[in-house]
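Pasted below: my_file-v9.csv, CSV, C-alpha atoms.
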chain,number,residue,atom,x,y,z
Q,207,MET,CA,7.3,54.1,183.5
Q,208,GLY,CA,4.8,54.8,186.4
Q,209,GLN,CA,1.7,56.9,186.3
Q,210,ALA,CA,3.5,59.8,188.0
Q,211,GLY,CA,6.2,59.8,185.4
Q,212,CYS,CA,3.7,59.9,182.5
Q,213,LYS,CA,1.9,62.7,184.1
Q,214,GLY,CA,5.1,64.7,184.5
Q,215,LEU,CA,6.1,64.1,180.8
Q,216,CYS,CA,2.7,65.3,179.6
Q,217,LEU,CA,2.8,68.4,181.7
Q,218,SER,CA,6.4,69.3,180.5
Q,219,LEU,CA,5.0,69.6,177.0
Q,220,PHE,CA,3.4,72.8,178.0
Q,221,ASP,CA,6.5,74.4,179.6
Q,222,TYR,CA,7.9,77.6,178.1
Q,223,LYS,CA,11.6,78.1,178.1
Q,224,THR,CA,13.5,81.4,177.5
Q,225,GLU,CA,17.1,82.3,177.6
Q,226,LYS,CA,18.7,84.1,180.5
Q,227,TYR,CA,21.6,86.5,179.9
Q,228,VAL,CA,24.2,87.0,182.6
Q,229,ILE,CA,26.3,90.2,182.5
Q,230,ALA,CA,29.8,89.4,183.8
Q,231,LYS,CA,31.5,92.4,185.2
Q,232,ASN,CA,34.9,91.1,184.3
Q,233,LYS,CA,37.4,93.2,182.4
Q,234,LYS,CA,39.4,90.2,181.0
Q,235,VAL,CA,36.4,88.4,179.7
Q,236,GLY,CA,35.0,91.7,178.3
Q,237,LEU,CA,38.3,92.6,176.7
Q,238,LEU,CA,38.5,89.1,175.0
Q,239,TYR,CA,34.9,89.5,173.8
Q,240,ARG,CA,35.6,92.9,172.2
Q,241,LEU,CA,38.8,91.6,170.7
Q,242,LEU,CA,36.9,88.8,169.0
Q,243,GLN,CA,34.3,91.3,167.7
Q,244,ALA,CA,37.1,93.6,166.4
Q,245,SER,CA,38.8,90.7,164.7
Q,246,ILE,CA,35.6,89.7,162.9
Q,247,LEU,CA,35.0,93.4,161.9
Q,248,ALA,CA,38.6,93.8,160.7
Q,249,TYR,CA,38.3,90.6,158.6
Q,250,LEU,CA,35.2,91.9,156.9
Q,251,VAL,CA,36.5,95.4,156.3
Q,252,VAL,CA,40.1,94.7,155.4
Q,253,TRP,CA,39.9,91.3,153.7
Q,254,VAL,CA,36.4,91.0,152.3
Q,255,PHE,CA,35.9,94.6,151.3
Q,256,LEU,CA,39.3,96.3,150.8
Q,257,ILE,CA,41.4,93.3,149.5
Q,258,LYS,CA,39.0,90.9,147.9
Q,259,LYS,CA,36.5,93.7,147.0
Q,260,GLY,CA,33.5,91.5,147.8
Q,261,TYR,CA,31.1,94.4,147.1
Q,262,GLN,CA,31.9,94.4,143.4
Q,263,ASP,CA,30.2,92.6,140.6
Q,264,VAL,CA,32.8,90.7,138.4
Q,265,ASP,CA,32.8,89.9,134.7
Q,266,THR,CA,35.3,87.2,133.6
Q,267,SER,CA,33.8,86.8,130.1
Q,268,LEU,CA,36.5,88.8,128.4
Q,269,GLN,CA,36.1,89.3,124.6
Q,270,SER,CA,39.4,89.9,122.8
Q,271,ALA,CA,40.8,90.5,119.3
Q,272,VAL,CA,44.5,90.4,118.5
Q,273,ILE,CA,46.3,91.8,115.4
Q,274,THR,CA,50.0,91.2,114.9
Q,275,LYS,CA,52.5,92.6,112.4
Q,276,VAL,CA,56.3,91.9,112.1
Q,277,LYS,CA,58.7,94.3,110.4
Q,278,GLY,CA,62.3,94.1,109.5
Q,279,VAL,CA,64.6,93.0,106.6
Q,280,ALA,CA,67.6,90.7,106.4
Q,281,PHE,CA,70.4,90.0,103.8
Q,282,THR,CA,71.9,86.6,103.1
Q,283,ASN,CA,74.5,85.4,100.6
Q,284,THR,CA,74.8,81.6,100.3
Q,285,SER,CA,75.9,79.2,97.6
Q,286,ASP,CA,72.4,77.7,97.3
Q,287,LEU,CA,70.4,81.0,97.1
Q,288,GLY,CA,73.0,83.6,96.2
Q,289,GLN,CA,72.5,87.2,97.4
Q,290,ARG,CA,69.0,87.7,98.7
Q,291,ILE,CA,66.9,90.1,100.7
Q,292,TRP,CA,64.4,88.7,103.2
Q,293,ASP,CA,61.3,90.8,104.1
Q,294,VAL,CA,58.2,90.1,106.1
Q,295,ALA,CA,56.5,88.2,103.2
Q,296,ASP,CA,59.4,85.7,103.2
Q,297,TYR,CA,59.9,84.9,106.9
Q,298,VAL,CA,56.5,85.3,108.6
Q,299,ILE,CA,54.0,82.5,108.5
Q,300,PRO,CA,51.0,82.9,108.3
Q,301,ALA,CA,50.8,86.4,106.7
Q,302,GLN,CA,47.4,87.2,108.1
Q,303,GLY,CA,48.6,88.6,111.4
Q,304,GLU,CA,46.9,86.3,113.8
Q,305,ASN,CA,47.5,85.7,117.5
Q,306,VAL,CA,49.8,82.8,116.7
Q,307,PHE,CA,52.5,83.4,114.1
Q,308,PHE,CA,56.0,82.0,113.2
Q,309,VAL,CA,59.2,83.9,112.4
Q,310,VAL,CA,61.8,82.0,110.4
Q,311,THR,CA,65.3,82.3,111.9
Q,312,ASN,CA,67.2,79.4,110.4
Q,313,LEU,CA,66.9,77.4,107.1
Q,314,ILE,CA,68.1,74.2,105.4
Q,315,VAL,CA,67.7,74.9,101.7
Q,316,THR,CA,67.6,72.2,99.0
Q,317,PRO,CA,67.3,73.9,95.6
Q,318,ASN,CA,66.3,72.5,92.2
Q,319,GLN,CA,64.4,69.4,93.3
Q,320,ARG,CA,62.7,67.5,90.5
Q,321,GLN,CA,60.6,64.4,90.5
Q,322,ASN,CA,63.0,61.6,89.6
Q,323,VAL,CA,64.7,58.5,90.9
Q,324,CYS,CA,67.5,58.5,93.5
Q,325,ALA,CA,68.8,56.6,96.5
Q,326,GLU,CA,67.0,56.8,99.8
Q,327,ASN,CA,68.9,58.4,102.7
Q,328,GLU,CA,71.1,55.9,104.5
Q,329,GLY,CA,69.7,56.9,107.9
Q,330,ILE,CA,66.2,55.5,107.0
Q,331,PRO,CA,65.8,52.0,108.4
Q,332,ASP,CA,63.0,51.0,106.0
Q,333,GLY,CA,65.1,52.1,103.1
Q,334,ALA,CA,68.1,49.8,103.8
Q,335,CYS,CA,68.5,46.7,101.6
Q,336,SER,CA,71.0,44.0,100.5
Q,337,ARG,CA,69.2,42.8,97.3
Q,338,ASP,CA,66.5,43.9,95.0
Q,339,SER,CA,63.9,41.7,96.6
Q,340,ASP,CA,64.1,43.9,99.8
Q,341,CYS,CA,62.7,46.8,97.8
Q,342,HIS,CA,59.1,46.1,96.9
Q,343,PRO,CA,58.1,48.2,93.9
Q,344,GLY,CA,55.4,50.8,94.7
Q,345,GLU,CA,55.9,50.5,98.4
Q,346,ALA,CA,56.4,53.8,100.3
Q,347,VAL,CA,59.4,54.1,102.5
Q,348,THR,CA,58.2,54.5,106.1
Q,349,ALA,CA,59.5,57.8,107.5
Q,350,GLY,CA,61.3,58.3,104.2
Q,351,ASN,CA,61.1,60.5,101.1
Q,352,GLY,CA,59.5,58.5,98.3
Q,353,VAL,CA,58.2,55.2,96.8
Q,354,LYS,CA,60.5,52.2,96.1
Q,355,THR,CA,61.2,51.3,92.5
Q,356,GLY,CA,62.4,47.7,93.1
Q,357,ARG,CA,66.1,48.3,92.8
Q,358,CYS,CA,68.7,48.0,95.6
Q,359,LEU,CA,71.6,50.5,95.1
Q,360,GLN,CA,74.8,49.2,96.7
Q,361,ARG,CA,78.1,51.0,97.1
Q,362,GLU,CA,81.3,49.3,96.1
Q,363,ASN,CA,82.7,46.8,98.6
Q,364,LEU,CA,79.6,47.1,100.8
Q,365,THR,CA,77.0,44.3,101.4
Q,366,ARG,CA,74.3,46.7,102.4
Q,367,GLY,CA,72.8,49.5,100.3
Q,368,THR,CA,69.6,51.6,100.0
Q,369,CYS,CA,66.5,51.2,97.9
Q,370,GLU,CA,66.1,53.4,94.9
Q,371,ILE,CA,63.0,55.6,95.2
Q,372,PHE,CA,60.9,57.8,93.0
Q,373,ALA,CA,60.9,61.2,94.8
Q,374,TRP,CA,61.8,64.8,94.7
Q,375,CYS,CA,65.5,64.5,94.0
Q,376,PRO,CA,68.2,65.4,95.1
Q,377,LEU,CA,67.0,64.6,98.7
Q,378,GLU,CA,67.2,67.1,101.5
Q,379,THR,CA,70.6,67.4,103.1
Q,380,SER,CA,70.8,66.7,106.8
Q,381,SER,CA,73.4,69.3,107.6
Q,382,ARG,CA,72.4,72.3,109.7
Q,383,PRO,CA,74.1,75.7,109.9
Q,384,GLU,CA,76.0,76.3,113.1
Q,385,GLU,CA,74.6,79.8,113.4
Q,386,PRO,CA,71.2,81.3,112.6
Q,387,PHE,CA,70.5,81.9,109.0
Q,388,LEU,CA,68.7,85.2,109.6
Q,389,LYS,CA,70.8,86.7,112.4
Q,390,GLU,CA,69.2,90.1,111.8
Q,391,ALA,CA,65.9,88.7,113.1
Q,392,GLU,CA,67.0,89.7,116.6
Q,393,ASP,CA,66.3,93.4,115.7
Q,394,PHE,CA,62.9,92.7,114.0
Q,395,THR,CA,59.9,94.4,115.6
Q,396,ILE,CA,56.5,92.9,116.5
Q,397,PHE,CA,53.4,95.0,116.6
Q,398,ILE,CA,50.7,93.6,118.8
Q,399,LYS,CA,47.3,95.4,118.8
Q,400,ASN,CA,44.8,94.1,121.3
Q,401,HIS,CA,41.2,95.2,121.7
Q,402,ILE,CA,39.2,93.9,124.8
Q,403,ARG,CA,35.6,94.3,125.9
Q,404,PHE,CA,33.8,93.3,129.1
Q,405,PRO,CA,30.2,92.7,127.8
Q,406,LYS,CA,28.5,92.7,131.2
Q,407,PHE,CA,29.6,96.4,131.8
Q,408,ASN,CA,29.8,97.4,128.1
Q,409,PHE,CA,33.4,98.5,128.7
Q,410,SER,CA,36.1,98.4,126.0
Q,411,LYS,CA,39.7,99.4,125.6
Q,412,SER,CA,42.8,98.9,123.6
Q,413,ASN,CA,46.5,98.6,124.4
Q,414,VAL,CA,47.4,101.3,121.9
Q,415,MET,CA,47.7,104.8,123.2
Q,416,ASP,CA,45.1,107.1,121.6
Q,417,VAL,CA,47.2,109.9,120.1
Q,418,LYS,CA,46.7,112.1,117.1
Q,419,ASP,CA,50.4,111.9,116.0
Q,420,ARG,CA,50.6,108.8,113.9
Q,421,SER,CA,54.4,109.0,113.9
Q,422,PHE,CA,54.4,107.9,117.6
Q,423,LEU,CA,54.1,104.2,116.5
Q,424,LYS,CA,56.9,104.5,114.1
Q,425,SER,CA,59.5,105.5,116.7
Q,426,CYS,CA,58.4,104.1,120.0
Q,427,HIS,CA,59.3,100.7,121.6
Q,428,PHE,CA,57.7,98.9,124.5
Q,429,GLY,CA,59.5,99.4,127.8
Q,430,PRO,CA,59.1,100.1,131.5
Q,431,LYS,CA,58.2,103.7,130.8
Q,432,ASN,CA,56.2,103.0,127.6
Q,433,HIS,CA,53.5,100.4,128.3
Q,434,TYR,CA,51.2,101.8,125.7
Q,435,CYS,CA,53.6,101.4,122.8
Q,436,PRO,CA,52.7,97.9,121.5
Q,437,ILE,CA,55.9,97.5,119.4
Q,438,PHE,CA,58.3,94.9,120.8
Q,439,ARG,CA,61.9,94.2,119.7
Q,440,LEU,CA,62.0,90.4,119.0
Q,441,GLY,CA,65.3,89.9,120.8
Q,442,SER,CA,64.0,91.7,123.9
Q,443,VAL,CA,60.9,89.5,124.0
Q,444,ILE,CA,63.2,86.4,123.9
Q,445,ARG,CA,65.4,87.8,126.7
Q,446,TRP,CA,62.3,88.7,128.9
Q,447,ALA,CA,61.2,85.1,128.4
Q,448,GLY,CA,64.5,83.9,130.0
Q,449,SER,CA,66.1,82.6,126.8
Q,450,ASP,CA,69.1,83.5,124.6
Q,451,PHE,CA,68.3,84.5,121.0
Q,452,GLN,CA,71.2,82.6,119.4
Q,453,ASP,CA,70.1,79.4,121.0
Q,454,ILE,CA,66.4,79.6,120.2
Q,455,ALA,CA,67.0,80.9,116.7
Q,456,LEU,CA,69.2,77.9,115.8
Q,457,GLU,CA,66.8,75.1,116.7
Q,458,GLY,CA,63.5,77.0,117.1
Q,459,GLY,CA,61.1,77.3,120.1
Q,460,VAL,CA,57.8,78.6,121.3
Q,461,ILE,CA,57.4,81.9,123.2
Q,462,GLY,CA,54.2,82.9,125.0
Q,463,ILE,CA,53.2,86.6,125.3
Q,464,ASN,CA,50.5,87.0,127.9
Q,465,ILE,CA,48.4,90.2,128.2
Q,466,GLU,CA,46.5,90.5,131.5
Q,467,TRP,CA,43.6,92.9,131.9
Q,468,ASN,CA,42.5,93.1,135.5
Q,469,CYS,CA,40.4,96.3,135.7
Q,470,ASP,CA,38.8,97.9,138.7
Q,471,LEU,CA,36.0,99.8,136.9
Q,472,ASP,CA,35.2,101.8,140.0
Q,473,LYS,CA,38.1,103.9,138.9
Q,474,ALA,CA,38.5,105.9,135.7
Q,475,ALA,CA,39.0,104.1,132.4
Q,476,SER,CA,42.5,105.5,132.2
Q,477,GLU,CA,43.4,103.4,135.3
Q,478,CYS,CA,42.7,100.1,133.4
Q,479,HIS,CA,46.1,99.0,132.1
Q,480,PRO,CA,47.4,95.9,130.3
Q,481,HIS,CA,50.1,93.9,132.0
Q,482,TYR,CA,52.5,91.8,129.9
Q,483,SER,CA,54.4,88.7,130.8
Q,484,PHE,CA,56.7,86.5,128.6
Q,485,SER,CA,57.6,82.9,128.9
Q,486,ARG,CA,59.2,80.0,127.0
Q,487,LEU,CA,56.5,77.4,126.4
Q,488,ASP,CA,58.5,74.5,124.8
Q,489,ASN,CA,60.8,72.3,126.9
Q,490,LYS,CA,64.0,74.3,126.6
Q,491,LEU,CA,65.9,72.0,129.0
Q,492,SER,CA,65.3,68.9,126.9
Q,493,LYS,CA,68.1,67.8,124.6
Q,494,SER,CA,66.0,65.2,122.8
Q,495,VAL,CA,65.9,64.7,119.0
Q,496,SER,CA,62.5,66.4,118.9
Q,497,SER,CA,63.6,69.6,120.7
Q,498,GLY,CA,63.1,72.9,119.0
Q,499,TYR,CA,60.5,73.9,116.4
Q,500,ASN,CA,60.7,73.4,112.6
Q,501,PHE,CA,58.6,72.5,109.5
Q,502,ARG,CA,59.1,72.3,105.8
Q,503,PHE,CA,57.7,74.3,102.9
Q,504,ALA,CA,58.6,74.7,99.2
Q,505,ARG,CA,58.6,77.2,96.4
Q,506,TYR,CA,57.6,75.8,93.0
Q,507,TYR,CA,58.7,76.9,89.5
Q,508,ARG,CA,58.7,75.7,85.9
Q,509,ASP,CA,61.7,75.7,83.6
Q,510,ALA,CA,61.7,76.7,79.9
Q,511,ALA,CA,60.4,73.3,78.9
Q,512,GLY,CA,57.5,73.5,81.3
Q,513,VAL,CA,58.9,70.9,83.7
Q,514,GLU,CA,58.1,71.6,87.4
Q,515,PHE,CA,60.9,71.9,90.0
Q,516,ARG,CA,61.1,73.4,93.4
Q,517,THR,CA,63.2,74.7,96.2
Q,518,LEU,CA,62.6,72.9,99.5
Q,519,MET,CA,63.2,74.7,102.8
Q,520,LYS,CA,63.3,73.3,106.3
Q,521,ALA,CA,62.5,76.3,108.5
Q,522,TYR,CA,63.6,76.6,112.1
Q,523,GLY,CA,62.2,79.6,114.0
Q,524,ILE,CA,60.2,81.0,116.8
Q,525,ARG,CA,56.5,80.6,117.2
Q,526,PHE,CA,54.8,83.3,119.2
Q,527,ASP,CA,51.5,82.7,121.0
Q,528,VAL,CA,49.7,85.8,122.2
Q,529,MET,CA,47.3,85.0,125.0
Q,530,VAL,CA,44.8,87.5,126.5
Q,531,ASN,CA,42.8,87.1,129.8
Q,532,GLY,CA,41.5,89.2,132.6
Q,533,LYS,CA,38.5,90.3,134.6
Q,534,GLY,CA,36.5,93.5,135.2
Q,535,ALA,CA,34.9,94.4,138.5
Q,536,PHE,CA,32.3,97.1,139.2
Q,537,PHE,CA,30.7,98.6,142.3
Q,538,CYS,CA,27.2,97.3,141.8
Q,539,ASP,CA,24.7,95.5,144.1
Q,540,LEU,CA,25.8,97.4,147.1
Q,541,VAL,CA,24.5,100.6,145.6
Q,542,LEU,CA,21.1,99.1,144.8
Q,543,ILE,CA,20.6,97.4,148.1
Q,544,TYR,CA,21.8,100.2,150.5
Q,545,LEU,CA,22.1,103.6,148.8
Q,546,ILE,CA,19.3,104.3,146.3
Q,547,LYS,CA,15.9,105.6,147.3
Q,548,LYS,CA,14.0,102.4,146.6
Q,549,ARG,CA,16.6,100.1,148.2
Q,550,GLU,CA,13.9,98.3,150.3
Q,551,PHE,CA,11.9,97.5,147.2
Q,552,TYR,CA,15.0,96.2,145.3
Q,553,ARG,CA,16.2,94.2,148.3
Q,554,ASP,CA,12.8,92.5,148.6
Q,555,LYS,CA,12.9,91.5,145.0
Q,556,LYS,CA,16.5,90.3,145.1
Q,557,TYR,CA,16.0,88.2,148.3
Q,558,GLU,CA,12.8,86.3,148.1
Q,559,GLU,CA,11.0,85.2,151.3
Q,560,VAL,CA,9.0,82.0,151.6
Q,561,ARG,CA,5.7,82.8,153.3
Q,562,GLY,CA,2.9,80.7,154.7
Q,563,LEU,CA,-0.4,80.0,153.1
Q,564,GLU,CA,-2.1,82.9,155.0
Q,565,ASP,CA,0.1,85.4,153.0
Q,566,ARG,CA,-0.7,84.1,149.6
Q,567,SER,CA,-4.0,85.9,149.4
Q,568,GLN,CA,-2.2,89.2,149.9
Q,569,GLU,CA,0.3,88.4,147.1
Q,570,ALA,CA,-2.6,87.7,144.8
Q,571,GLU,CA,-4.1,91.1,145.6
Q,572,ASP,CA,-0.8,92.8,144.9
Q,573,GLU,CA,-0.5,91.0,141.5
Q,574,ALA,CA,-4.2,91.9,140.7
Q,575,SER,CA,-3.5,95.5,141.3
Q,576,GLY,CA,-1.1,95.5,138.3
Q,577,LEU,CA,1.8,97.1,140.1
Q,578,GLY,CA,4.6,94.7,139.1
Q,579,LEU,CA,8.3,95.2,139.2
Q,580,SER,CA,8.4,97.0,135.9
Q,581,GLU,CA,5.6,99.4,136.8
Q,582,GLN,CA,7.1,100.3,140.1
Q,583,LEU,CA,10.5,100.9,138.6
Q,584,THR,CA,9.1,103.4,136.1
Q,585,SER,CA,6.4,105.1,138.2
Q,586,GLY,CA,7.0,108.4,139.8
Q,587,PRO,CA,10.7,109.5,140.0
Q,588,GLY,CA,13.0,107.0,138.5
Q,589,LEU,CA,14.9,104.4,140.5
Q,590,LEU,CA,17.9,106.6,140.8
Q,591,GLY,CA,15.9,109.8,141.0
Q,592,MET,CA,15.8,110.4,137.2
Q,593,PRO,CA,12.7,111.8,135.4
Q,594,GLU,CA,10.1,109.3,134.4
Q,595,GLN,CA,10.6,107.8,131.0
Q,596,GLN,CA,8.2,105.7,128.9
Q,597,GLU,CA,9.6,102.4,127.6
Q,598,PRO,CA,8.1,99.7,125.4
Q,599,PRO,CA,7.0,96.6,127.3
Q,600,GLU,CA,9.8,94.5,126.0
Q,601,ALA,CA,12.4,97.0,127.2
Q,602,LYS,CA,11.2,96.6,130.8
Q,603,ARG,CA,12.5,93.1,130.9
Q,604,GLY,CA,16.1,91.8,131.4
Q,605,SER,CA,18.0,90.2,128.6
Q,606,SER,CA,16.7,86.8,129.7
Q,607,GLY,CA,13.1,87.9,129.6
Q,608,GLN,CA,12.6,87.6,133.4
Q,609,LYS,CA,11.7,90.3,135.8
Q,610,GLY,CA,13.6,91.1,138.9
Q,611,ASN,CA,16.8,89.1,138.2
Q,612,GLY,CA,20.0,89.9,140.0
Q,613,SER,CA,21.8,91.2,136.9
Q,614,VAL,CA,19.9,94.5,136.4
Q,615,CYS,CA,22.7,96.5,137.9
Q,616,PRO,CA,24.8,97.1,134.7
Q,617,GLN,CA,21.7,98.6,133.0
Q,618,LEU,CA,20.7,100.7,136.0
Q,619,LEU,CA,24.1,102.1,136.9
Q,620,GLU,CA,26.0,103.2,133.8
Q,621,PRO,CA,29.6,102.0,134.1
Q,622,HIS,CA,32.8,103.7,133.0
Q,623,ARG,CA,33.3,103.7,129.2
Q,624,SER,CA,36.5,104.1,127.3
Q,625,THR,CA,37.1,107.4,125.7
Would you encode the structure as structure tokens?
Amino acid sequence: MGQAGCKGLCLSLFDYKTEKYVIAKNKKVGLLYRLLQASILAYLVVWVFLIKKGYQDVDTSLQSAVITKVKGVAFTNTSDLGQRIWDVADYVIPAQGENVFFVVTNLIVTPNQRQNVCAENEGIPDGACSRDSDCHPGEAVTAGNGVKTGRCLQRENLTRGTCEIFAWCPLETSSRPEEPFLKEAEDFTIFIKNHIRFPKFNFSKSNVMDVKDRSFLKSCHFGPKNHYCPIFRLGSVIRWAGSDFQDIALEGGVIGINIEWNCDLDKAASECHPHYSFSRLDNKLSKSVSSGYNFRFARYYRDAAGVEFRTLMKAYGIRFDVMVNGKGAFFCDLVLIYLIKKREFYRDKKYEEVRGLEDRSQEAEDEASGLGLSEQLTSGPGLLGMPEQQEPPEAKRGSSGQKGNGSVCPQLLEPHRST
């Protein structure tokens, strides 16, 4: 590079450049420009503010408690159990009324079992034998019902038999009723009481209508015109989940009851409603050997001689899972930043600016003057124009012990509360 080029480069370092704006008197270009501006404005107003409600503070930490009760009675008359009345203490497991509970709809009953020796079921591979040496004494039968005694029990004219076991005998029968044992369960009722709370806004509500007449819950049923009656007919819940009661009652299944609370707390508390949805959670289309839902339990007794015996029950039924979720939104920071009297002060504290070294001395003077955030918030008329109130020093800080955080809105603006 020559001497002239170096001189020109050095001189260009001291050039000042500024933008030049050209106003084009063109209707088409101007119209396109205004349309782009209107589109951006419409996006902000319609999508961000009206649809997505971007001006709201949202609380997704929903706290929930669920209490459930089932009511109804059924009558059965079988050779194993005779005539019997079944009430909620017999067919609901567990009895505590939790958000997950099981209703018995079908049973395989094996009465009068005693600890004795008997032949293992023929369908158990590990229990098959052809001689005594195949049955090792003291060895548990894999996927079977007891412990081998060392004897192989063979039927006449057969070369294969089953091992003798020490177990609860007689063993459970493998036959299953062709129709639900408790057919009346379709008309049982389920009471679901749900309390929710959004801690950020101190807002709470229940899905039960607040009425003075207690007889309301004894006669009402949940329906399209009765969303605040938390009493559901069991058969209706199964139908709303897209299943048939006779099918699911025979082999069992799992039903999900979802309660959704999406509350716009800018509106009155009476506008915050629960929304219910019902679904079949187990694989109802699968026809595998593991389809359905069942488990075993027993009732134990002692005879006159003090010998223990039991009635074994293999229970098929419907497990209900009550799931609660939701969110609460409240008109919050927009008020503090734009509408209140000290909006400039709150905006300065919410959005911190990074200043140069020359401004730090001024900040030090402000801190030395003793007018921090807490003093300015409580001096003169209150932040929202309320009378001055004296508070202890610890009450002037947020829940995290820091001043000027962005979560002071729920404390400054009192949200809607349930009545």
Test item: residues at most 6 Å from Lys275 in chain Q, all atoms listed in the file, excluding those fewer than 3 positions along its chain, as a compact mmCIF listing (two decimals) with C-alpha atoms, keeping the file's coordinate frame:
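Everything below was put into part25.txt:
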# COMPACT_ATOMS: atom_id res chain seq x y z
CA GLY Q 303 48.60 88.60 111.40
CA ILE Q 396 56.50 92.90 116.50
CA PHE Q 397 53.40 95.00 116.60
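Proximity of Q:Val323, Q:Val443, Q:Val276, Q:Leu456 to Thr395 in chain Q, computed with all atoms listed in the file, is greatest for Q:Val276.
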> Pick from Q:Lys389, Q:Lys431, Q:Arg290, Q:Arg337: nearest to Cys369 in chain Q, with only C-alpha atoms counted?
Replying inline: Q:Arg337
>> Taking (32.9, 91.3, 128.7) in the coordinates of the supplied file, I want to know which residues reach to within 8 Å of it, counting all atoms listed in the file; could you give the answer as a ChimeraX atom specification?
In response: /Q:265-269,402-409,534
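Between CA of Ile463 in chain Q and CA of Pro383 in chain Q lies a distance of 28.2 Å.
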Need to verify the contact set: Gly344 in chain Q, 7 Å, only C-alpha atoms, exclusion of same-chain residues closer than 3 positions in sequence. Can you return it as a tab-separated table (two decimals) with C-alpha atoms, in the coordinates of the input?
chain	number	residue	atom	x	y	z
Q	353	VAL	CA	58.20	55.20	96.80
Q	354	LYS	CA	60.50	52.20	96.10
Q	355	THR	CA	61.20	51.30	92.50
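Taking CA of Asp488 in chain Q and CA of Leu388 in chain Q as endpoints, the distance between them is 21.2 Å.
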>> Excluding Gln321 in chain Q and its own-chain neighbours fewer than 6 positions away, which residues fall within 7 Å of it when counting all atoms listed in the file? Please give them as a list in words.
In response: Ala373, Trp374 and Cys375 of chain Q
With C-alpha atoms retained, could you export that selection as a tab-separated table (two decimals), in the coordinates of the input?
chain	number	residue	atom	x	y	z
Q	373	ALA	CA	60.90	61.20	94.80
Q	374	TRP	CA	61.80	64.80	94.70
Q	375	CYS	CA	65.50	64.50	94.00
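For the pair CA of Pro480 in chain Q and CA of Ile524 in chain Q, the separation is 23.8 Å.
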>> Distance cut-off 12 Å, centre (64.7, 57.0, 101.8) in file coordinates, counting all atoms listed in the file: which residues qualify? Return them as an MDAnalysis selection string.
In response: chainID Q and resid 323:335 341 345:355 358:359 367:378
Prev. selection, C-alpha atoms, output as a PDB file, keeping the file's coordinate frame:
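After the write, selection_21.pdb holds the following:
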ATOM      1  CA  VAL Q 323      64.700  58.500  90.900  1.00  0.00           C
ATOM      2  CA  CYS Q 324      67.500  58.500  93.500  1.00  0.00           C
ATOM      3  CA  ALA Q 325      68.800  56.600  96.500  1.00  0.00           C
ATOM      4  CA  GLU Q 326      67.000  56.800  99.800  1.00  0.00           C
ATOM      5  CA  ASN Q 327      68.900  58.400 102.700  1.00  0.00           C
ATOM      6  CA  GLU Q 328      71.100  55.900 104.500  1.00  0.00           C
ATOM      7  CA  GLY Q 329      69.700  56.900 107.900  1.00  0.00           C
ATOM      8  CA  ILE Q 330      66.200  55.500 107.000  1.00  0.00           C
ATOM      9  CA  PRO Q 331      65.800  52.000 108.400  1.00  0.00           C
ATOM     10  CA  ASP Q 332      63.000  51.000 106.000  1.00  0.00           C
ATOM     11  CA  GLY Q 333      65.100  52.100 103.100  1.00  0.00           C
ATOM     12  CA  ALA Q 334      68.100  49.800 103.800  1.00  0.00           C
ATOM     13  CA  CYS Q 335      68.500  46.700 101.600  1.00  0.00           C
ATOM     14  CA  CYS Q 341      62.700  46.800  97.800  1.00  0.00           C
ATOM     15  CA  GLU Q 345      55.900  50.500  98.400  1.00  0.00           C
ATOM     16  CA  ALA Q 346      56.400  53.800 100.300  1.00  0.00           C
ATOM     17  CA  VAL Q 347      59.400  54.100 102.500  1.00  0.00           C
ATOM     18  CA  THR Q 348      58.200  54.500 106.100  1.00  0.00           C
ATOM     19  CA  ALA Q 349      59.500  57.800 107.500  1.00  0.00           C
ATOM     20  CA  GLY Q 350      61.300  58.300 104.200  1.00  0.00           C
ATOM     21  CA  ASN Q 351      61.100  60.500 101.100  1.00  0.00           C
ATOM     22  CA  GLY Q 352      59.500  58.500  98.300  1.00  0.00           C
ATOM     23  CA  VAL Q 353      58.200  55.200  96.800  1.00  0.00           C
ATOM     24  CA  LYS Q 354      60.500  52.200  96.100  1.00  0.00           C
ATOM     25  CA  THR Q 355      61.200  51.300  92.500  1.00  0.00           C
ATOM     26  CA  CYS Q 358      68.700  48.000  95.600  1.00  0.00           C
ATOM     27  CA  LEU Q 359      71.600  50.500  95.100  1.00  0.00           C
ATOM     28  CA  GLY Q 367      72.800  49.500 100.300  1.00  0.00           C
ATOM     29  CA  THR Q 368      69.600  51.600 100.000  1.00  0.00           C
ATOM     30  CA  CYS Q 369      66.500  51.200  97.900  1.00  0.00           C
ATOM     31  CA  GLU Q 370      66.100  53.400  94.900  1.00  0.00           C
ATOM     32  CA  ILE Q 371      63.000  55.600  95.200  1.00  0.00           C
ATOM     33  CA  PHE Q 372      60.900  57.800  93.000  1.00  0.00           C
ATOM     34  CA  ALA Q 373      60.900  61.200  94.800  1.00  0.00           C
ATOM     35  CA  TRP Q 374      61.800  64.800  94.700  1.00  0.00           C
ATOM     36  CA  CYS Q 375      65.500  64.500  94.000  1.00  0.00           C
ATOM     37  CA  PRO Q 376      68.200  65.400  95.100  1.00  0.00           C
ATOM     38  CA  LEU Q 377      67.000  64.600  98.700  1.00  0.00           C
ATOM     39  CA  GLU Q 378      67.200  67.100 101.500  1.00  0.00           C
TER      40      GLU Q 378
END
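The residue that comes closest to Asp450 in chain Q, out of Q:Asn432, Q:Glu392, Q:Lys411, Q:Cys478 and on the basis of all atoms listed in the file, is Q:Glu392.
Once Phe308 in chain Q and its same-chain neighbours fewer than 3 positions away are set aside, Q:Val276, Q:Tyr297, Q:Val298, Q:Ile299, Q:Pro300, Q:Ala301, Q:Thr311, Q:Gly458, Q:Gly459, Q:Val460, Q:Tyr499, Q:Asn500, Q:Ala521, Q:Tyr522, Q:Gly523, Q:Ile524, Q:Arg525, Q:Phe526, Q:Asp527 remain within 10 Å of it when counting all atoms listed in the file.
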